[in-house]
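Taking it in order: structure first as structure tokens, then the write-up.
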Amino acid sequence: MDFSEFSLHEDLLKGIAAAGYVTCTPVQEQVLKTSLSGDDLYVQSQTGTGKTAAYLVPTIQELIANPENSGKKALILVPTRELAVQVEEEAKNLVSATKLSAFSFYGGVGYSKQVEALQKGVDFIIGTPGRIIDLKKGGQLDLSAVAFLVIDEADRMFDMGFYPDLREILKFIPNPESRQTMLFSATLNTYVKNLAWEYTRDAKEITIEAENITVDEIDQELIHVSSDKKLPLLLGILGKENPASVLIFCNTKRGAEVLGKRLKLNGYQSEFLIGDMQQSKRLEVMNRFKEGKVSMLVATDVAARGIDVDDLAMVVNYDLPIEPENYVHRIGRTARAGKSGKAYTFCSEKDVYDLPAIERYIDKKIPAIVCADDMLSEDKSKGVYIKLDSYGYDERDEYHSGKGERHSKGSRRRDEKSSRRKFDRPQKRSDSRRSDFRSENRGAKKSFEAEQNLEGLSFEERMAVYKKKYAGNSVSEQSANFAKRGRAEGKDFSKKKNRKNSVSNSAKPKSNASRKGGVSRKADVRKEKKTLENTGFFARLKKFFGGKGK
């Protein structure tokens, strides 16, 4: 069905033609049919189905066609800055022949331009929850005239912890009876439906199946590869296929930055995009990629939200996504508006356990092969020290698996100090011996526990298992091995410990209760505690289980 078949305002039709729209996508057709009657909606639709125009077109139609909506505003809430910018650009195209205006509001940049836009008047307020709240509480933003509310990517809002912010914003705008509300989400989970039931008027549900995006138009290929060969495999694919544009996904900010810099060292025009970058830098990188000045972009899921590139040739899942929905979001970027695309997914030994959930979600087995040596290319960055920017850590490893943690700035500083201690300060030999000894025994303990079904045992049964393991010859053997290693280096730690204990005990004054012939329970407890503190771990464990010895 074409847009011209709807009774839309002629100025809006001019904007639709300027944006290059002719035929409605399924979500656009169904939303237009339902929303033009004034009904509230919650819509399940994947990225790349044209959902942005689906809610912009009917909202523009209502603002310019109905005199009663004069002076009313539309509030569009999105989870990321990149998506806010993308929605703003599309809105400006669609209202180009009208007197309406649109502007985006997000954090990471100054307030001056945003406040200036509000003072001039904005009909489409497009923003992230945090900045919208800041402007409202600062007195620069008035939401009392909002007659249309759109919450885009509602499921992502919940994933990113924006639910409290959404509830806060909904207190500032007119009640559901005085506005039209539309929620869009890739998945209509319980949280999204609860939000719809609480803040809408008998919302109609629209579900757009994602079969065409995830199955038919995309040539998917899964490659089983070890973690240390992922980069050579990527270089082999890029060298063989030479794609005009490729979007590479990593699970962590650190992994994305490391991979982006290693690709540059291998001669590729690549950039990376992560959440910690300054907004001006993020927009610069994204625009260069959209304009084709950079053919290769490495990004995390959150940072890649809002990246809409025409004719994207290839998507590579360098790290297998943990959430099945993210697999659909990622590969769907290379099959916009029914076009075909290529999607490679690397599956290493570290993330193979996430694969079954993805295949159940898309209801299809992804065609898979095993990486062969002839698929690899030489990594020119191998062994090269990669210094990260202020966004993350120094990369000391030759490769990074991409399965690390996301860190706050405070933990980053602590990790940098720890890193300096680990790599720059030589360890004392005695500390190394003790550390190795503890590591060996810790590993033995873990291995032993893995062989036992301890979770199903009672406390007494578990203690019996430990006693059998540690109270026998193994304790004396391990202690003897430690002492033997010490004597081999010319030192006897047991004598040092005994001499220290004897000095400590002889120097310790007797308590008043002891001198008077009395009995002091507190003194005995302190003495026993002190004795245990100066006793080795296995000796204490042996004493606890009633073994022989001190």
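Residues are named by chain letter and number: chains run A, B, ... in the order of the structure tokens, numbers start at 1 in each chain, and ligands are numbered from 1 in the order shown.
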Shell around A:Val192 at 12 Å using only C-alpha atoms, local window under 3 positions removed, as an mmCIF file with N, CA, C and O atoms, in the first residue's frame:
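The resulting file, out21.cif, is shown below:
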```cif
data_model
loop_
_atom_site.group_PDB
_atom_site.id
_atom_site.type_symbol
_atom_site.label_atom_id
_atom_site.label_comp_id
_atom_site.auth_asym_id
_atom_site.auth_seq_id
_atom_site.Cartn_x
_atom_site.Cartn_y
_atom_site.Cartn_z
ATOM 1 N N LEU A 41 -1.305 2.702 20.966
ATOM 2 C CA LEU A 41 -0.733 1.478 20.400
ATOM 3 C C LEU A 41 0.460 1.003 21.214
ATOM 4 O O LEU A 41 1.174 1.807 21.804
ATOM 5 N N TYR A 42 0.668 -0.309 21.237
ATOM 6 C CA TYR A 42 2.001 -0.818 21.556
ATOM 7 C C TYR A 42 2.337 -1.847 20.482
ATOM 8 O O TYR A 42 1.575 -2.744 20.173
ATOM 9 N N VAL A 43 3.511 -1.619 19.877
ATOM 10 C CA VAL A 43 3.874 -2.276 18.625
ATOM 11 C C VAL A 43 5.159 -3.063 18.790
ATOM 12 O O VAL A 43 6.164 -2.553 19.306
ATOM 13 N N GLN A 44 5.124 -4.310 18.345
ATOM 14 C CA GLN A 44 6.331 -5.135 18.309
ATOM 15 C C GLN A 44 6.876 -5.114 16.887
ATOM 16 O O GLN A 44 6.226 -5.585 15.955
ATOM 17 N N ILE A 151 7.302 6.185 22.886
ATOM 18 C CA ILE A 151 8.446 5.564 23.560
ATOM 19 C C ILE A 151 9.019 4.535 22.598
ATOM 20 O O ILE A 151 8.397 3.498 22.329
ATOM 21 N N ASP A 152 10.171 4.834 22.036
ATOM 22 C CA ASP A 152 10.802 3.978 21.030
ATOM 23 C C ASP A 152 11.796 3.037 21.703
ATOM 24 O O ASP A 152 12.495 3.423 22.643
ATOM 25 N N GLU A 153 11.863 1.794 21.205
ATOM 26 C CA GLU A 153 12.734 0.755 21.764
ATOM 27 C C GLU A 153 12.523 0.643 23.270
ATOM 28 O O GLU A 153 13.451 0.742 24.073
ATOM 29 N N ALA A 154 11.272 0.398 23.643
ATOM 30 C CA ALA A 154 10.914 0.334 25.064
ATOM 31 C C ALA A 154 11.656 -0.789 25.787
ATOM 32 O O ALA A 154 12.037 -0.639 26.949
ATOM 33 N N ASP A 155 11.885 -1.916 25.118
ATOM 34 C CA ASP A 155 12.606 -3.010 25.771
ATOM 35 C C ASP A 155 14.039 -2.613 26.088
ATOM 36 O O ASP A 155 14.585 -2.966 27.139
ATOM 37 N N ARG A 156 14.661 -1.840 25.213
ATOM 38 C CA ARG A 156 16.024 -1.364 25.457
ATOM 39 C C ARG A 156 16.044 -0.358 26.602
ATOM 40 O O ARG A 156 17.007 -0.280 27.359
ATOM 41 N N MET A 157 14.962 0.397 26.758
ATOM 42 C CA MET A 157 14.849 1.322 27.885
ATOM 43 C C MET A 157 14.963 0.555 29.209
ATOM 44 O O MET A 157 15.661 0.977 30.143
ATOM 45 N N PHE A 158 14.278 -0.576 29.284
ATOM 46 C CA PHE A 158 14.323 -1.378 30.503
ATOM 47 C C PHE A 158 15.702 -1.996 30.698
ATOM 48 O O PHE A 158 16.230 -2.025 31.811
ATOM 49 N N ASP A 159 16.304 -2.495 29.612
ATOM 50 C CA ASP A 159 17.633 -3.104 29.709
ATOM 51 C C ASP A 159 18.668 -2.106 30.223
ATOM 52 O O ASP A 159 19.602 -2.473 30.929
ATOM 53 N N TYR A 163 13.698 2.724 33.339
ATOM 54 C CA TYR A 163 12.309 2.636 33.774
ATOM 55 C C TYR A 163 11.956 3.689 34.831
ATOM 56 O O TYR A 163 10.912 4.357 34.713
ATOM 57 N N LEU A 166 11.496 6.961 33.076
ATOM 58 C CA LEU A 166 10.257 7.027 32.308
ATOM 59 C C LEU A 166 9.080 7.386 33.209
ATOM 60 O O LEU A 166 8.249 8.237 32.871
ATOM 61 N N MET A 182 2.088 5.894 21.958
ATOM 62 C CA MET A 182 2.523 4.754 21.145
ATOM 63 C C MET A 182 3.832 4.209 21.699
ATOM 64 O O MET A 182 4.787 4.974 21.905
ATOM 65 N N LEU A 183 3.887 2.920 21.963
ATOM 66 C CA LEU A 183 5.097 2.244 22.429
ATOM 67 C C LEU A 183 5.587 1.305 21.339
ATOM 68 O O LEU A 183 4.806 0.513 20.792
ATOM 69 N N PHE A 184 6.870 1.389 21.038
ATOM 70 C CA PHE A 184 7.486 0.505 20.044
ATOM 71 C C PHE A 184 8.598 -0.296 20.710
ATOM 72 O O PHE A 184 9.404 0.253 21.468
ATOM 73 N N SER A 185 8.619 -1.590 20.414
ATOM 74 C CA SER A 185 9.598 -2.455 21.067
ATOM 75 C C SER A 185 9.891 -3.643 20.160
ATOM 76 O O SER A 185 9.012 -4.108 19.423
ATOM 77 N N ALA A 186 11.134 -4.126 20.215
ATOM 78 C CA ALA A 186 11.495 -5.318 19.442
ATOM 79 C C ALA A 186 10.851 -6.561 20.042
ATOM 80 O O ALA A 186 10.564 -7.531 19.346
ATOM 81 N N THR A 187 10.641 -6.543 21.364
ATOM 82 C CA THR A 187 9.975 -7.641 22.061
ATOM 83 C C THR A 187 8.931 -7.053 22.996
ATOM 84 O O THR A 187 9.212 -6.104 23.727
ATOM 85 N N LEU A 188 7.747 -7.630 22.994
ATOM 86 C CA LEU A 188 6.690 -7.175 23.903
ATOM 87 C C LEU A 188 6.731 -8.047 25.161
ATOM 88 O O LEU A 188 5.888 -8.918 25.374
ATOM 89 N N ASN A 189 7.745 -7.786 25.994
ATOM 90 C CA ASN A 189 7.858 -8.560 27.225
ATOM 91 C C ASN A 189 6.900 -8.021 28.282
ATOM 92 O O ASN A 189 6.169 -7.058 28.073
ATOM 93 N N LEU A 195 3.880 -1.409 31.193
ATOM 94 C CA LEU A 195 3.974 0.037 30.936
ATOM 95 C C LEU A 195 2.807 0.496 30.062
ATOM 96 O O LEU A 195 2.211 1.556 30.289
ATOM 97 N N ALA A 196 2.461 -0.314 29.060
ATOM 98 C CA ALA A 196 1.354 0.031 28.173
ATOM 99 C C ALA A 196 0.028 0.040 28.938
ATOM 100 O O ALA A 196 -0.795 0.948 28.784
ATOM 101 N N TRP A 197 -0.196 -0.963 29.766
ATOM 102 C CA TRP A 197 -1.457 -1.041 30.508
ATOM 103 C C TRP A 197 -1.593 0.119 31.496
ATOM 104 O O TRP A 197 -2.684 0.607 31.747
ATOM 105 N N GLU A 198 -0.469 0.547 32.068
ATOM 106 C CA GLU A 198 -0.524 1.565 33.114
ATOM 107 C C GLU A 198 -0.653 2.975 32.548
ATOM 108 O O GLU A 198 -1.279 3.839 33.172
ATOM 109 N N TYR A 199 -0.071 3.227 31.366
ATOM 110 C CA TYR A 199 0.012 4.607 30.875
ATOM 111 C C TYR A 199 -0.644 4.815 29.521
ATOM 112 O O TYR A 199 -0.342 5.784 28.825
ATOM 113 N N THR A 200 -1.513 3.915 29.108
ATOM 114 C CA THR A 200 -2.232 4.106 27.838
ATOM 115 C C THR A 200 -3.737 3.909 28.044
ATOM 116 O O THR A 200 -4.176 3.435 29.097
ATOM 117 N N GLU A 205 -2.740 -3.709 20.196
ATOM 118 C CA GLU A 205 -1.458 -4.385 19.992
ATOM 119 C C GLU A 205 -1.246 -4.707 18.521
ATOM 120 O O GLU A 205 -2.137 -5.237 17.850
#
```
All residues 10 Å or closer to A:Ala299, only C-alpha atoms, same chain fewer than 6 positions away omitted, as number ranges by chain: A: 247-253, 255-257, 259-260, 271-275, 305
What are the closest atom pairs, with distances in Å to one decimal, for each residue of stretch 167-212 of chain A lying within 10 Å of stretch 69-88 of chain A, using only C-alpha atoms, rows by chain and rising residue number, as a tab-separated table?
```
residue	atom	partner	partner_atom	distance
A:Ile169	CA	A:Leu77	CA	9.8
A:Ile173	CA	A:Leu75	CA	9.3
A:Arg179	CA	A:Ala74	CA	9.5
A:Gln180	CA	A:Ala74	CA	9.4
A:Thr181	CA	A:Leu75	CA	9.7
A:Met182	CA	A:Ile76	CA	9.5
A:Leu183	CA	A:Leu77	CA	9.7
```
Emit the selected residues as a short mmCIF file (atom, residue, chain, number, x, y, z; two decimals), in the first residue's frame, including all heavy atoms.
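And here is the file that came out, out_33.cif:
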```cif
data_model
loop_
_atom_site.label_atom_id
_atom_site.label_comp_id
_atom_site.auth_asym_id
_atom_site.auth_seq_id
_atom_site.Cartn_x
_atom_site.Cartn_y
_atom_site.Cartn_z
N ILE A 169 9.20 11.07 34.06
CA ILE A 169 8.77 11.94 32.96
C ILE A 169 7.25 11.90 32.80
O ILE A 169 6.61 12.93 32.54
CB ILE A 169 9.47 11.53 31.66
CG1 ILE A 169 10.97 11.82 31.75
CG2 ILE A 169 8.87 12.26 30.46
CD1 ILE A 169 11.78 11.26 30.60
N ILE A 173 3.73 15.08 32.16
CA ILE A 173 2.93 15.28 30.94
C ILE A 173 1.46 15.02 31.24
O ILE A 173 1.11 14.42 32.26
CB ILE A 173 3.43 14.35 29.80
CG1 ILE A 173 3.21 12.88 30.16
CG2 ILE A 173 4.90 14.61 29.51
CD1 ILE A 173 3.62 11.93 29.06
N ARG A 179 -3.91 12.57 25.81
CA ARG A 179 -2.82 12.42 24.84
C ARG A 179 -2.98 11.10 24.10
O ARG A 179 -3.73 10.21 24.53
CB ARG A 179 -1.45 12.46 25.54
CG ARG A 179 -1.19 11.26 26.43
CD ARG A 179 0.24 11.19 26.95
NE ARG A 179 0.54 9.92 27.55
CZ ARG A 179 0.46 9.62 28.84
NH1 ARG A 179 0.10 10.56 29.71
NH2 ARG A 179 0.75 8.42 29.28
N GLN A 180 -2.23 10.95 23.00
CA GLN A 180 -2.13 9.68 22.28
C GLN A 180 -0.75 9.10 22.55
O GLN A 180 0.26 9.80 22.43
CB GLN A 180 -2.34 9.87 20.78
CG GLN A 180 -2.34 8.55 20.00
CD GLN A 180 -2.59 8.74 18.52
OE1 GLN A 180 -2.43 9.84 17.98
NE2 GLN A 180 -2.99 7.68 17.83
N THR A 181 -0.71 7.81 22.92
CA THR A 181 0.55 7.17 23.32
C THR A 181 0.84 5.98 22.41
O THR A 181 -0.06 5.17 22.13
CB THR A 181 0.48 6.69 24.78
OG1 THR A 181 0.12 7.79 25.62
CG2 THR A 181 1.82 6.13 25.23
N MET A 182 2.09 5.89 21.96
CA MET A 182 2.52 4.75 21.15
C MET A 182 3.83 4.21 21.70
O MET A 182 4.79 4.97 21.90
CB MET A 182 2.70 5.17 19.68
CG MET A 182 1.40 5.47 18.96
SD MET A 182 1.63 5.88 17.20
CE MET A 182 2.04 7.62 17.32
N LEU A 183 3.89 2.92 21.96
CA LEU A 183 5.10 2.24 22.43
C LEU A 183 5.59 1.31 21.34
O LEU A 183 4.81 0.51 20.79
CB LEU A 183 4.82 1.44 23.70
CG LEU A 183 4.80 2.17 25.04
CD1 LEU A 183 3.52 2.97 25.21
CD2 LEU A 183 4.94 1.19 26.20
#
```
From a backbone DSSP assignment, name each residue in stretch 216-289 of chain A labelled strand (DSSP E or B), as a PyMOL selection string. chain A and resi 218-224+246-249+270-273
For the selection just defined, write its residues with C-alpha atoms to a file, as a PDB file, in the first residue's frame.
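Result file is part_22.pdb:
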```
ATOM      1  CA  ILE A 218      20.308 -12.412   5.093  1.00  0.00           C
ATOM      2  CA  ASP A 219      23.004 -14.911   4.156  1.00  0.00           C
ATOM      3  CA  GLN A 220      24.050 -16.104   7.609  1.00  0.00           C
ATOM      4  CA  GLU A 221      27.165 -18.132   8.358  1.00  0.00           C
ATOM      5  CA  LEU A 222      28.476 -19.329  11.719  1.00  0.00           C
ATOM      6  CA  ILE A 223      32.185 -20.138  12.039  1.00  0.00           C
ATOM      7  CA  HIS A 224      33.511 -22.153  14.972  1.00  0.00           C
ATOM      8  CA  VAL A 246      31.160  -3.635   7.327  1.00  0.00           C
ATOM      9  CA  LEU A 247      29.846  -3.245  10.878  1.00  0.00           C
ATOM     10  CA  ILE A 248      31.658  -5.398  13.448  1.00  0.00           C
ATOM     11  CA  PHE A 249      30.072  -6.076  16.844  1.00  0.00           C
ATOM     12  CA  SER A 270      38.514   1.387  10.655  1.00  0.00           C
ATOM     13  CA  GLU A 271      37.021   3.278  13.561  1.00  0.00           C
ATOM     14  CA  PHE A 272      35.509   2.140  16.839  1.00  0.00           C
ATOM     15  CA  LEU A 273      32.397   3.419  18.589  1.00  0.00           C
TER      16      LEU A 273
END
```
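Here the alpha helix (DSSP H) residues in stretch 106-155 of chain A, by DSSP on the backbone, are A:Ser112, A:Lys113, A:Gln114, A:Val115, A:Glu116, A:Ala117, A:Leu118, A:Gln119, A:Lys120, A:Pro129, A:Gly130, A:Arg131, A:Ile132, A:Ile133, A:Asp134, A:Leu135, A:Lys136, A:Lys137, A:Ala154, A:Asp155.
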From A:Leu231, A:Val27, A:Met296, A:Leu141, residue lying nearest A:Tyr318 [only C-alpha atoms]: A:Leu231
Using only C-alpha atoms, which residue out of A:Asn326, A:Val109, A:Tyr344, A:Leu149 lies closest to A:Gln278? A:Val109
Hey, can you check how far atom CA of A:Tyr21 sits from atom CA of A:Val95? 13.5 Å
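Look at stretch 9-13 of chain A: the protein and nucleic acid residues within 10 Å of it, using only C-alpha atoms and passing over chain neighbours fewer than 4 places away, are Phe3, Ser4, Ala17, Ala18, Ala19, Tyr21, Val22, Val57, Pro58, Ile60, Gln61, Glu62, Ile64, Ala65, Asn93, Leu94, Val95, Ser96, Ala97, Thr98 and Lys99 of chain A.
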Selected residues written out, N, CA, C and O atoms, as a PDB file, in the first residue's frame:
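Once everything was written out, this is part_8.pdb:
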```pdb
ATOM      1  N   PHE A   3       1.766   5.431   0.431  1.00  0.00           N
ATOM      2  CA  PHE A   3       1.386   6.512   1.344  1.00  0.00           C
ATOM      3  C   PHE A   3       0.312   7.401   0.717  1.00  0.00           C
ATOM      4  O   PHE A   3      -0.519   7.977   1.424  1.00  0.00           O
ATOM      5  N   SER A   4       0.321   7.507  -0.598  1.00  0.00           N
ATOM      6  CA  SER A   4      -0.638   8.373  -1.284  1.00  0.00           C
ATOM      7  C   SER A   4      -2.072   7.869  -1.155  1.00  0.00           C
ATOM      8  O   SER A   4      -3.032   8.614  -1.397  1.00  0.00           O
ATOM      9  N   ALA A  17       7.622  12.388   0.040  1.00  0.00           N
ATOM     10  CA  ALA A  17       8.282  12.241  -1.260  1.00  0.00           C
ATOM     11  C   ALA A  17       9.738  12.682  -1.182  1.00  0.00           C
ATOM     12  O   ALA A  17      10.629  12.050  -1.779  1.00  0.00           O
ATOM     13  N   ALA A  18      10.009  13.778  -0.427  1.00  0.00           N
ATOM     14  CA  ALA A  18      11.386  14.261  -0.282  1.00  0.00           C
ATOM     15  C   ALA A  18      12.251  13.243   0.449  1.00  0.00           C
ATOM     16  O   ALA A  18      13.455  13.136   0.192  1.00  0.00           O
ATOM     17  N   ALA A  19      11.638  12.484   1.366  1.00  0.00           N
ATOM     18  CA  ALA A  19      12.386  11.457   2.103  1.00  0.00           C
ATOM     19  C   ALA A  19      12.569  10.186   1.290  1.00  0.00           C
ATOM     20  O   ALA A  19      13.296   9.278   1.700  1.00  0.00           O
ATOM     21  N   TYR A  21      10.087   8.041   0.341  1.00  0.00           N
ATOM     22  CA  TYR A  21       9.138   6.987   0.684  1.00  0.00           C
ATOM     23  C   TYR A  21       8.022   6.920  -0.363  1.00  0.00           C
ATOM     24  O   TYR A  21       7.485   7.949  -0.785  1.00  0.00           O
ATOM     25  N   VAL A  22       7.688   5.699  -0.750  1.00  0.00           N
ATOM     26  CA  VAL A  22       6.577   5.499  -1.692  1.00  0.00           C
ATOM     27  C   VAL A  22       5.616   4.446  -1.130  1.00  0.00           C
ATOM     28  O   VAL A  22       4.444   4.728  -0.879  1.00  0.00           O
ATOM     29  N   VAL A  57       4.866   9.849  10.829  1.00  0.00           N
ATOM     30  CA  VAL A  57       3.882  10.261   9.824  1.00  0.00           C
ATOM     31  C   VAL A  57       2.508  10.525  10.448  1.00  0.00           C
ATOM     32  O   VAL A  57       1.918  11.594  10.226  1.00  0.00           O
ATOM     33  N   PRO A  58       1.929   9.604  11.227  1.00  0.00           N
ATOM     34  CA  PRO A  58       0.614   9.913  11.811  1.00  0.00           C
ATOM     35  C   PRO A  58       0.654  11.060  12.815  1.00  0.00           C
ATOM     36  O   PRO A  58      -0.332  11.817  12.922  1.00  0.00           O
ATOM     37  N   ILE A  60       2.668  13.754  12.671  1.00  0.00           N
ATOM     38  CA  ILE A  60       2.707  14.985  11.874  1.00  0.00           C
ATOM     39  C   ILE A  60       1.328  15.281  11.289  1.00  0.00           C
ATOM     40  O   ILE A  60       0.865  16.432  11.272  1.00  0.00           O
ATOM     41  N   GLN A  61       0.674  14.225  10.798  1.00  0.00           N
ATOM     42  CA  GLN A  61      -0.658  14.398  10.224  1.00  0.00           C
ATOM     43  C   GLN A  61      -1.616  15.011  11.245  1.00  0.00           C
ATOM     44  O   GLN A  61      -2.363  15.947  10.925  1.00  0.00           O
ATOM     45  N   GLU A  62      -1.589  14.534  12.474  1.00  0.00           N
ATOM     46  CA  GLU A  62      -2.501  15.041  13.505  1.00  0.00           C
ATOM     47  C   GLU A  62      -2.173  16.481  13.877  1.00  0.00           C
ATOM     48  O   GLU A  62      -3.059  17.282  14.172  1.00  0.00           O
ATOM     49  N   ILE A  64      -0.805  18.883  11.972  1.00  0.00           N
ATOM     50  CA  ILE A  64      -1.044  19.895  10.931  1.00  0.00           C
ATOM     51  C   ILE A  64      -2.455  19.850  10.363  1.00  0.00           C
ATOM     52  O   ILE A  64      -2.911  20.830   9.762  1.00  0.00           O
ATOM     53  N   ALA A  65      -3.157  18.730  10.533  1.00  0.00           N
ATOM     54  CA  ALA A  65      -4.478  18.593   9.909  1.00  0.00           C
ATOM     55  C   ALA A  65      -5.620  18.972  10.837  1.00  0.00           C
ATOM     56  O   ALA A  65      -6.693  19.360  10.362  1.00  0.00           O
ATOM     57  N   ASN A  93      13.169  15.822   7.748  1.00  0.00           N
ATOM     58  CA  ASN A  93      12.854  15.550   6.343  1.00  0.00           C
ATOM     59  C   ASN A  93      11.346  15.527   6.112  1.00  0.00           C
ATOM     60  O   ASN A  93      10.841  16.083   5.138  1.00  0.00           O
ATOM     61  N   LEU A  94      10.614  14.900   7.022  1.00  0.00           N
ATOM     62  CA  LEU A  94       9.177  14.738   6.837  1.00  0.00           C
ATOM     63  C   LEU A  94       8.404  16.041   7.058  1.00  0.00           C
ATOM     64  O   LEU A  94       7.324  16.224   6.489  1.00  0.00           O
ATOM     65  N   VAL A  95       8.936  16.963   7.877  1.00  0.00           N
ATOM     66  CA  VAL A  95       8.229  18.234   8.133  1.00  0.00           C
ATOM     67  C   VAL A  95       8.809  19.369   7.294  1.00  0.00           C
ATOM     68  O   VAL A  95       8.501  20.532   7.535  1.00  0.00           O
ATOM     69  N   SER A  96       9.635  19.035   6.319  1.00  0.00           N
ATOM     70  CA  SER A  96      10.340  20.063   5.544  1.00  0.00           C
ATOM     71  C   SER A  96       9.387  21.006   4.807  1.00  0.00           C
ATOM     72  O   SER A  96       9.732  22.172   4.562  1.00  0.00           O
ATOM     73  N   ALA A  97       8.194  20.534   4.458  1.00  0.00           N
ATOM     74  CA  ALA A  97       7.233  21.378   3.737  1.00  0.00           C
ATOM     75  C   ALA A  97       6.180  21.978   4.666  1.00  0.00           C
ATOM     76  O   ALA A  97       5.223  22.592   4.203  1.00  0.00           O
ATOM     77  N   THR A  98       6.345  21.805   5.967  1.00  0.00           N
ATOM     78  CA  THR A  98       5.400  22.337   6.949  1.00  0.00           C
ATOM     79  C   THR A  98       6.086  23.397   7.804  1.00  0.00           C
ATOM     80  O   THR A  98       7.277  23.685   7.631  1.00  0.00           O
ATOM     81  N   LYS A  99       5.345  23.945   8.750  1.00  0.00           N
ATOM     82  CA  LYS A  99       5.909  24.929   9.673  1.00  0.00           C
ATOM     83  C   LYS A  99       6.360  24.300  10.991  1.00  0.00           C
ATOM     84  O   LYS A  99       6.768  24.996  11.919  1.00  0.00           O
TER      85      LYS A  99
END
```
